[in-house]
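Q: Structure in structure tokens, see below.
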Amino acid sequence: MLIDPKVTKLSIFNGGGGIVEREIKLSLNQGTNEFEIAAIPASFDPNSADIKLEYVSPGDKDLITLQQTIVSLPDVNTSQQIIDREKSAATNIITYSIDFTRELREKVSEICEASSYRTYADMKGTFNFIINSKINGEVIVKILYFIADLRIKWETTLQVNINDDGKSAEIEAYLVVDNQTGFSYEDVELGFAIFELPRDTFETTGADFVPAANIPVEQQAFAELSKQKRTQRMRNIML
């Protein structure tokens with residue numbers, strides 16, 4: 001069954017990437033229950049994937065168990081071929097878009113522009129899991145994973161407002177989030193942490209996206225969560 005757990009928390013690193021926490025309450029049938037999580041970016045690290053069960057009733061702990069998780073990334077070469085074909089098709093469509101009405105031409109241009117910025121990291125990974133249940137019941141599932149994408153990050157900025165007397169000023173400081181990925185996050189608890197994603201570990205430009213071997217980047221990232229600078233609730237804002 002395909003499910004789309006809500007993103008409840010997003011912890012962003014200043015050097016790029018972050019940790020995504022999602023949650024959903026599932027109804028279970030007696031026996032084996034198989035689920036596939038939707039909207040998993042290919043920039044996620046399969047080694048960081050984690051699932052935790054929270055039981056609606058304490059007695060369900062012995063009756064409902066997580067049997068298996070299956071995570072994988074799409075093939076780099078195949079994905080790049082698909083991206084190249086999309087970009088080529090978008091270029092051809094733009095060339096002949098003059099034949100469209102104005103309203104349709106604007107929509108087509110928007111789609112084609114999105115295709116031109118598409119990279120391997122905008123493809124979707126696979127995150128499946130199996131729950132065994134001895135009863136018909138419910139369970140809360142919490143999913144956590146690390147995304148290694150340099151295109152989502154935060155930075156600080158200052159604004160100086162000089163007063164009319166010319167002798168005093170007010171300084172306003174902001175944390176600015178930049179999200180240029182193909183995935184959006186709305187109404188989430190947003191956290192900020194300091195962590196530099198190694199440039200030689202993950203690249204997000206098509207065929208160059210190759211994870212370096214034997215570097216536990218996700219472990220370093222999770223360790224930095226305790227040093228979060230600030231957490232706030234973002235409502236009605238699309239990142």
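For the structure tokens, the naming scheme is as follows: chains receive sequential letters (A, B, ...) according to their order of presentation, residues are indexed from 1 within each chain, and ligands are indexed from 1 in presentation order.
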Excluding range 21-34 of chain A and residues on its chain fewer than 6 positions from it, collect all residues at most 9 Å away from it, counting only C-alpha atoms, and give them as an MDAnalysis selection string.
A: chainID A and resid 1:11 64 67 128:145
Q: Could you save the residues just selected, with N, CA and C atoms, as a PDB file, in the first residue's frame?
A:
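The resulting file, part-v9.pdb, is reproduced below:
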ATOM      1  N   MET A   1       0.843  -1.189   0.000  1.00  0.00           N
ATOM      2  CA  MET A   1       0.000   0.000   0.000  1.00  0.00           C
ATOM      3  C   MET A   1       0.885   1.249   0.000  1.00  0.00           C
ATOM      4  N   LEU A   2       0.573   2.179  -0.876  1.00  0.00           N
ATOM      5  CA  LEU A   2       1.325   3.425  -0.944  1.00  0.00           C
ATOM      6  C   LEU A   2       0.780   4.404   0.099  1.00  0.00           C
ATOM      7  N   ILE A   3       1.661   4.943   0.929  1.00  0.00           N
ATOM      8  CA  ILE A   3       1.260   5.889   1.956  1.00  0.00           C
ATOM      9  C   ILE A   3       2.123   7.146   1.837  1.00  0.00           C
ATOM     10  N   ASP A   4       1.616   8.257   2.347  1.00  0.00           N
ATOM     11  CA  ASP A   4       2.340   9.522   2.286  1.00  0.00           C
ATOM     12  C   ASP A   4       2.360  10.167   3.668  1.00  0.00           C
ATOM     13  N   PRO A   5       3.229   9.686   4.564  1.00  0.00           N
ATOM     14  CA  PRO A   5       3.282  10.238   5.925  1.00  0.00           C
ATOM     15  C   PRO A   5       3.613  11.728   5.898  1.00  0.00           C
ATOM     16  N   LYS A   6       2.971  12.490   6.759  1.00  0.00           N
ATOM     17  CA  LYS A   6       3.206  13.926   6.827  1.00  0.00           C
ATOM     18  C   LYS A   6       4.595  14.208   7.385  1.00  0.00           C
ATOM     19  N   VAL A   7       5.272  15.187   6.782  1.00  0.00           N
ATOM     20  CA  VAL A   7       6.539  15.645   7.336  1.00  0.00           C
ATOM     21  C   VAL A   7       6.229  16.517   8.543  1.00  0.00           C
ATOM     22  N   THR A   8       6.621  16.068   9.720  1.00  0.00           N
ATOM     23  CA  THR A   8       6.332  16.811  10.946  1.00  0.00           C
ATOM     24  C   THR A   8       7.486  17.703  11.371  1.00  0.00           C
ATOM     25  N   LYS A   9       8.726  17.318  11.000  1.00  0.00           N
ATOM     26  CA  LYS A   9       9.892  18.102  11.403  1.00  0.00           C
ATOM     27  C   LYS A   9      10.960  18.011  10.325  1.00  0.00           C
ATOM     28  N   LEU A  10      11.593  19.143  10.071  1.00  0.00           N
ATOM     29  CA  LEU A  10      12.688  19.200   9.111  1.00  0.00           C
ATOM     30  C   LEU A  10      13.839  19.958   9.758  1.00  0.00           C
ATOM     31  N   SER A  11      14.945  19.272   9.985  1.00  0.00           N
ATOM     32  CA  SER A  11      16.133  19.900  10.565  1.00  0.00           C
ATOM     33  C   SER A  11      17.122  20.160   9.440  1.00  0.00           C
ATOM     34  N   ILE A  64       2.043  -6.282  17.633  1.00  0.00           N
ATOM     35  CA  ILE A  64       2.369  -5.573  16.393  1.00  0.00           C
ATOM     36  C   ILE A  64       3.874  -5.350  16.346  1.00  0.00           C
ATOM     37  N   GLN A  67       8.647  -6.010  10.856  1.00  0.00           N
ATOM     38  CA  GLN A  67       9.356  -7.186  10.370  1.00  0.00           C
ATOM     39  C   GLN A  67      10.569  -6.830   9.525  1.00  0.00           C
ATOM     40  N   ASN A 128      10.336   0.940   1.622  1.00  0.00           N
ATOM     41  CA  ASN A 128       9.221   0.049   1.949  1.00  0.00           C
ATOM     42  C   ASN A 128       9.431  -0.572   3.324  1.00  0.00           C
ATOM     43  N   PHE A 129       8.348  -0.961   3.962  1.00  0.00           N
ATOM     44  CA  PHE A 129       8.467  -1.683   5.232  1.00  0.00           C
ATOM     45  C   PHE A 129       7.288  -2.618   5.422  1.00  0.00           C
ATOM     46  N   ILE A 130       7.503  -3.629   6.247  1.00  0.00           N
ATOM     47  CA  ILE A 130       6.486  -4.656   6.504  1.00  0.00           C
ATOM     48  C   ILE A 130       6.226  -4.727   8.005  1.00  0.00           C
ATOM     49  N   ILE A 131       4.948  -4.721   8.370  1.00  0.00           N
ATOM     50  CA  ILE A 131       4.536  -4.848   9.764  1.00  0.00           C
ATOM     51  C   ILE A 131       3.709  -6.112   9.919  1.00  0.00           C
ATOM     52  N   ASN A 132       4.060  -6.920  10.888  1.00  0.00           N
ATOM     53  CA  ASN A 132       3.272  -8.102  11.225  1.00  0.00           C
ATOM     54  C   ASN A 132       2.346  -7.769  12.398  1.00  0.00           C
ATOM     55  N   SER A 133       1.101  -8.144  12.268  1.00  0.00           N
ATOM     56  CA  SER A 133       0.132  -7.856  13.315  1.00  0.00           C
ATOM     57  C   SER A 133      -0.711  -9.099  13.622  1.00  0.00           C
ATOM     58  N   LYS A 134      -0.857  -9.374  14.890  1.00  0.00           N
ATOM     59  CA  LYS A 134      -1.677 -10.506  15.312  1.00  0.00           C
ATOM     60  C   LYS A 134      -3.139 -10.116  15.521  1.00  0.00           C
ATOM     61  N   ILE A 135      -3.420  -8.819  15.330  1.00  0.00           N
ATOM     62  CA  ILE A 135      -4.783  -8.316  15.524  1.00  0.00           C
ATOM     63  C   ILE A 135      -5.116  -7.313  14.420  1.00  0.00           C
ATOM     64  N   ASN A 136      -6.388  -6.968  14.301  1.00  0.00           N
ATOM     65  CA  ASN A 136      -6.805  -5.824  13.506  1.00  0.00           C
ATOM     66  C   ASN A 136      -6.715  -4.601  14.415  1.00  0.00           C
ATOM     67  N   GLY A 137      -5.827  -3.697  14.102  1.00  0.00           N
ATOM     68  CA  GLY A 137      -5.629  -2.568  14.996  1.00  0.00           C
ATOM     69  C   GLY A 137      -4.966  -1.392  14.312  1.00  0.00           C
ATOM     70  N   GLU A 138      -4.439  -0.470  15.127  1.00  0.00           N
ATOM     71  CA  GLU A 138      -3.787   0.731  14.624  1.00  0.00           C
ATOM     72  C   GLU A 138      -2.427   0.910  15.284  1.00  0.00           C
ATOM     73  N   VAL A 139      -1.545   1.579  14.582  1.00  0.00           N
ATOM     74  CA  VAL A 139      -0.226   1.870  15.124  1.00  0.00           C
ATOM     75  C   VAL A 139       0.260   3.182  14.522  1.00  0.00           C
ATOM     76  N   ILE A 140       1.023   3.944  15.282  1.00  0.00           N
ATOM     77  CA  ILE A 140       1.620   5.187  14.790  1.00  0.00           C
ATOM     78  C   ILE A 140       3.036   4.882  14.318  1.00  0.00           C
ATOM     79  N   VAL A 141       3.316   5.244  13.084  1.00  0.00           N
ATOM     80  CA  VAL A 141       4.630   4.961  12.497  1.00  0.00           C
ATOM     81  C   VAL A 141       5.388   6.275  12.321  1.00  0.00           C
ATOM     82  N   LYS A 142       6.613   6.311  12.824  1.00  0.00           N
ATOM     83  CA  LYS A 142       7.477   7.470  12.673  1.00  0.00           C
ATOM     84  C   LYS A 142       8.666   7.091  11.796  1.00  0.00           C
ATOM     85  N   ILE A 143       8.891   7.888  10.760  1.00  0.00           N
ATOM     86  CA  ILE A 143       9.959   7.619   9.789  1.00  0.00           C
ATOM     87  C   ILE A 143      10.983   8.740   9.865  1.00  0.00           C
ATOM     88  N   LEU A 144      12.242   8.380   9.798  1.00  0.00           N
ATOM     89  CA  LEU A 144      13.316   9.370   9.876  1.00  0.00           C
ATOM     90  C   LEU A 144      14.402   9.019   8.865  1.00  0.00           C
ATOM     91  N   TYR A 145      14.897  10.025   8.126  1.00  0.00           N
ATOM     92  CA  TYR A 145      15.990   9.775   7.191  1.00  0.00           C
ATOM     93  C   TYR A 145      16.752  11.072   6.918  1.00  0.00           C
TER      94      TYR A 145
END
Q: Neighbouring residues of Thr181 in chain A were defined as those with any atom within 7 Å, considering only C-alpha atoms; residues of the same chain fewer than 4 positions away were excluded. Please report them as a VMD selection string.
A: chain A and resid 122 151 to 152
Q: Check range 1-232 of chain A with DSSP on the backbone and list each residue it calls alpha helix (DSSP H), as a PyMOL selection string.
A: chain A and resi 76-95+102-116+217-223
Q: Considering only C-alpha atoms, return as a PDB file with N, CA and C atoms, in the first residue's frame whatever protein or nucleic-acid residues lie within 12 Å of Ile111 in chain A, sequence-local ones (same chain, fewer than 4 positions apart) excluded.
A:
ATOM      1  N   GLU A  86      13.862  14.231 -20.832  1.00  0.00           N
ATOM      2  CA  GLU A  86      12.888  15.243 -20.408  1.00  0.00           C
ATOM      3  C   GLU A  86      13.364  16.639 -20.809  1.00  0.00           C
ATOM      4  N   LYS A  87      14.644  16.909 -20.619  1.00  0.00           N
ATOM      5  CA  LYS A  87      15.177  18.227 -20.966  1.00  0.00           C
ATOM      6  C   LYS A  87      15.124  18.458 -22.472  1.00  0.00           C
ATOM      7  N   ALA A  89      13.010  17.046 -24.567  1.00  0.00           N
ATOM      8  CA  ALA A  89      11.600  17.233 -24.930  1.00  0.00           C
ATOM      9  C   ALA A  89      11.126  18.631 -24.549  1.00  0.00           C
ATOM     10  N   ALA A  90      11.570  19.115 -23.379  1.00  0.00           N
ATOM     11  CA  ALA A  90      11.170  20.452 -22.931  1.00  0.00           C
ATOM     12  C   ALA A  90      11.683  21.517 -23.890  1.00  0.00           C
ATOM     13  N   THR A  91      12.914  21.347 -24.372  1.00  0.00           N
ATOM     14  CA  THR A  91      13.484  22.300 -25.317  1.00  0.00           C
ATOM     15  C   THR A  91      12.679  22.342 -26.614  1.00  0.00           C
ATOM     16  N   ILE A  93       9.530  21.495 -26.981  1.00  0.00           N
ATOM     17  CA  ILE A  93       8.201  22.063 -26.729  1.00  0.00           C
ATOM     18  C   ILE A  93       8.270  23.585 -26.674  1.00  0.00           C
ATOM     19  N   ILE A  94       9.294  24.113 -25.995  1.00  0.00           N
ATOM     20  CA  ILE A  94       9.448  25.565 -25.900  1.00  0.00           C
ATOM     21  C   ILE A  94       9.633  26.176 -27.294  1.00  0.00           C
ATOM     22  N   LEU A 104      -2.195  28.544 -22.109  1.00  0.00           N
ATOM     23  CA  LEU A 104      -1.563  27.235 -22.191  1.00  0.00           C
ATOM     24  C   LEU A 104      -0.048  27.369 -22.296  1.00  0.00           C
ATOM     25  N   ARG A 105       0.404  28.394 -23.017  1.00  0.00           N
ATOM     26  CA  ARG A 105       1.843  28.596 -23.196  1.00  0.00           C
ATOM     27  C   ARG A 105       2.526  28.864 -21.850  1.00  0.00           C
ATOM     28  N   GLU A 106       1.887  29.606 -20.968  1.00  0.00           N
ATOM     29  CA  GLU A 106       2.462  29.895 -19.652  1.00  0.00           C
ATOM     30  C   GLU A 106       2.577  28.631 -18.814  1.00  0.00           C
ATOM     31  N   LYS A 107       1.563  27.778 -18.894  1.00  0.00           N
ATOM     32  CA  LYS A 107       1.600  26.526 -18.144  1.00  0.00           C
ATOM     33  C   LYS A 107       2.691  25.602 -18.686  1.00  0.00           C
ATOM     34  N   SER A 115      11.568  21.170 -15.641  1.00  0.00           N
ATOM     35  CA  SER A 115      12.327  20.040 -16.194  1.00  0.00           C
ATOM     36  C   SER A 115      13.784  20.410 -16.426  1.00  0.00           C
ATOM     37  N   SER A 116      14.040  21.664 -16.766  1.00  0.00           N
ATOM     38  CA  SER A 116      15.409  22.086 -17.073  1.00  0.00           C
ATOM     39  C   SER A 116      16.292  22.087 -15.828  1.00  0.00           C
ATOM     40  N   TYR A 117      15.670  22.224 -14.643  1.00  0.00           N
ATOM     41  CA  TYR A 117      16.441  22.238 -13.401  1.00  0.00           C
ATOM     42  C   TYR A 117      16.479  20.877 -12.718  1.00  0.00           C
ATOM     43  N   ARG A 118      15.853  19.903 -13.308  1.00  0.00           N
ATOM     44  CA  ARG A 118      15.731  18.590 -12.690  1.00  0.00           C
ATOM     45  C   ARG A 118      17.088  17.886 -12.622  1.00  0.00           C
TER      46      ARG A 118
END
Q: As a PyMOL selection string, which residues of range 14-204 of chain A does DSSP assign to strand (DSSP E or B)?
A: chain A and resi 18-28+31-37+41+44+50-55+64-72+124+126-133+137-147+152-162+169-179+186+189-193
Q: Pick the closest to Gly125 in chain A from A:Ala193, A:Ala49, A:Ile171, A:Val188: which is it, counting only C-alpha atoms?
A: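 Closest to Gly125 in chain A of all the choices is A:Ala49.
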Q: Could you tell me how far CA of Gly182 in chain A sits from CA of Asn92 in chain A, in Å to one decimal place?
A: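 That distance, rounded to one decimal, is 22.2 Å.
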Q: Expressed in Å to a single decimal, how great is the separation between CA of Gly59 in chain A and CA of Glu36 in chain A?
A: 26.1 Å
Q: Leaving out Ala121 in chain A and any residue of its chain fewer than 2 positions from it, which residues lie within 7 Å of it when counting only C-alpha atoms, given as a list in words?
A: Pro41, Ala42, Ser43, Thr119, Met123 and Thr204 of chain A
Q: Pick the closest to Thr157 in chain A from A:Val177, A:Asp75, A:Lys61, A:Pro46: which is it, counting only C-alpha atoms?
A: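 When distances to Thr157 in chain A are compared using only C-alpha atoms, the smallest one comes from A:Val177.
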Q: Could you state the separation of CA of Ser72 in chain A and CA of Ile51 in chain A in Å, given to one decimal place?
A: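 Separating CA of Ser72 in chain A from CA of Ile51 in chain A is a distance of 15.0 Å.
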Q: Skip Asn161 in chain A itself and residues of its chain fewer than 4 positions away, then list as JSON, numbers by chain all residues within 9 Å of it, counting only C-alpha atoms.
A: {"A": [168, 169, 170, 171, 172]}
Q: Please produce a file of the residues just selected, as an mmCIF file, in the first residue's frame, where the atoms kept are C-alpha atoms.
A:
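Everything below was put into result07.cif:
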data_model
loop_
_atom_site.group_PDB
_atom_site.id
_atom_site.type_symbol
_atom_site.label_atom_id
_atom_site.label_comp_id
_atom_site.auth_asym_id
_atom_site.auth_seq_id
_atom_site.Cartn_x
_atom_site.Cartn_y
_atom_site.Cartn_z
ATOM 1 C CA SER A 168 21.445 55.308 16.197
ATOM 2 C CA ALA A 169 20.294 52.234 14.362
ATOM 3 C CA GLU A 170 18.378 49.014 14.807
ATOM 4 C CA ILE A 171 19.752 45.676 13.676
ATOM 5 C CA GLU A 172 17.456 42.855 12.620
#
Q: Can you list, as a PyMOL selection string, every protein, DNA or RNA residue that comes within 7 Å of Glu155 in chain A when you count only C-alpha atoms, leaving out same-chain residues fewer than 5 positions away?
A: chain A and resi 14+175-177
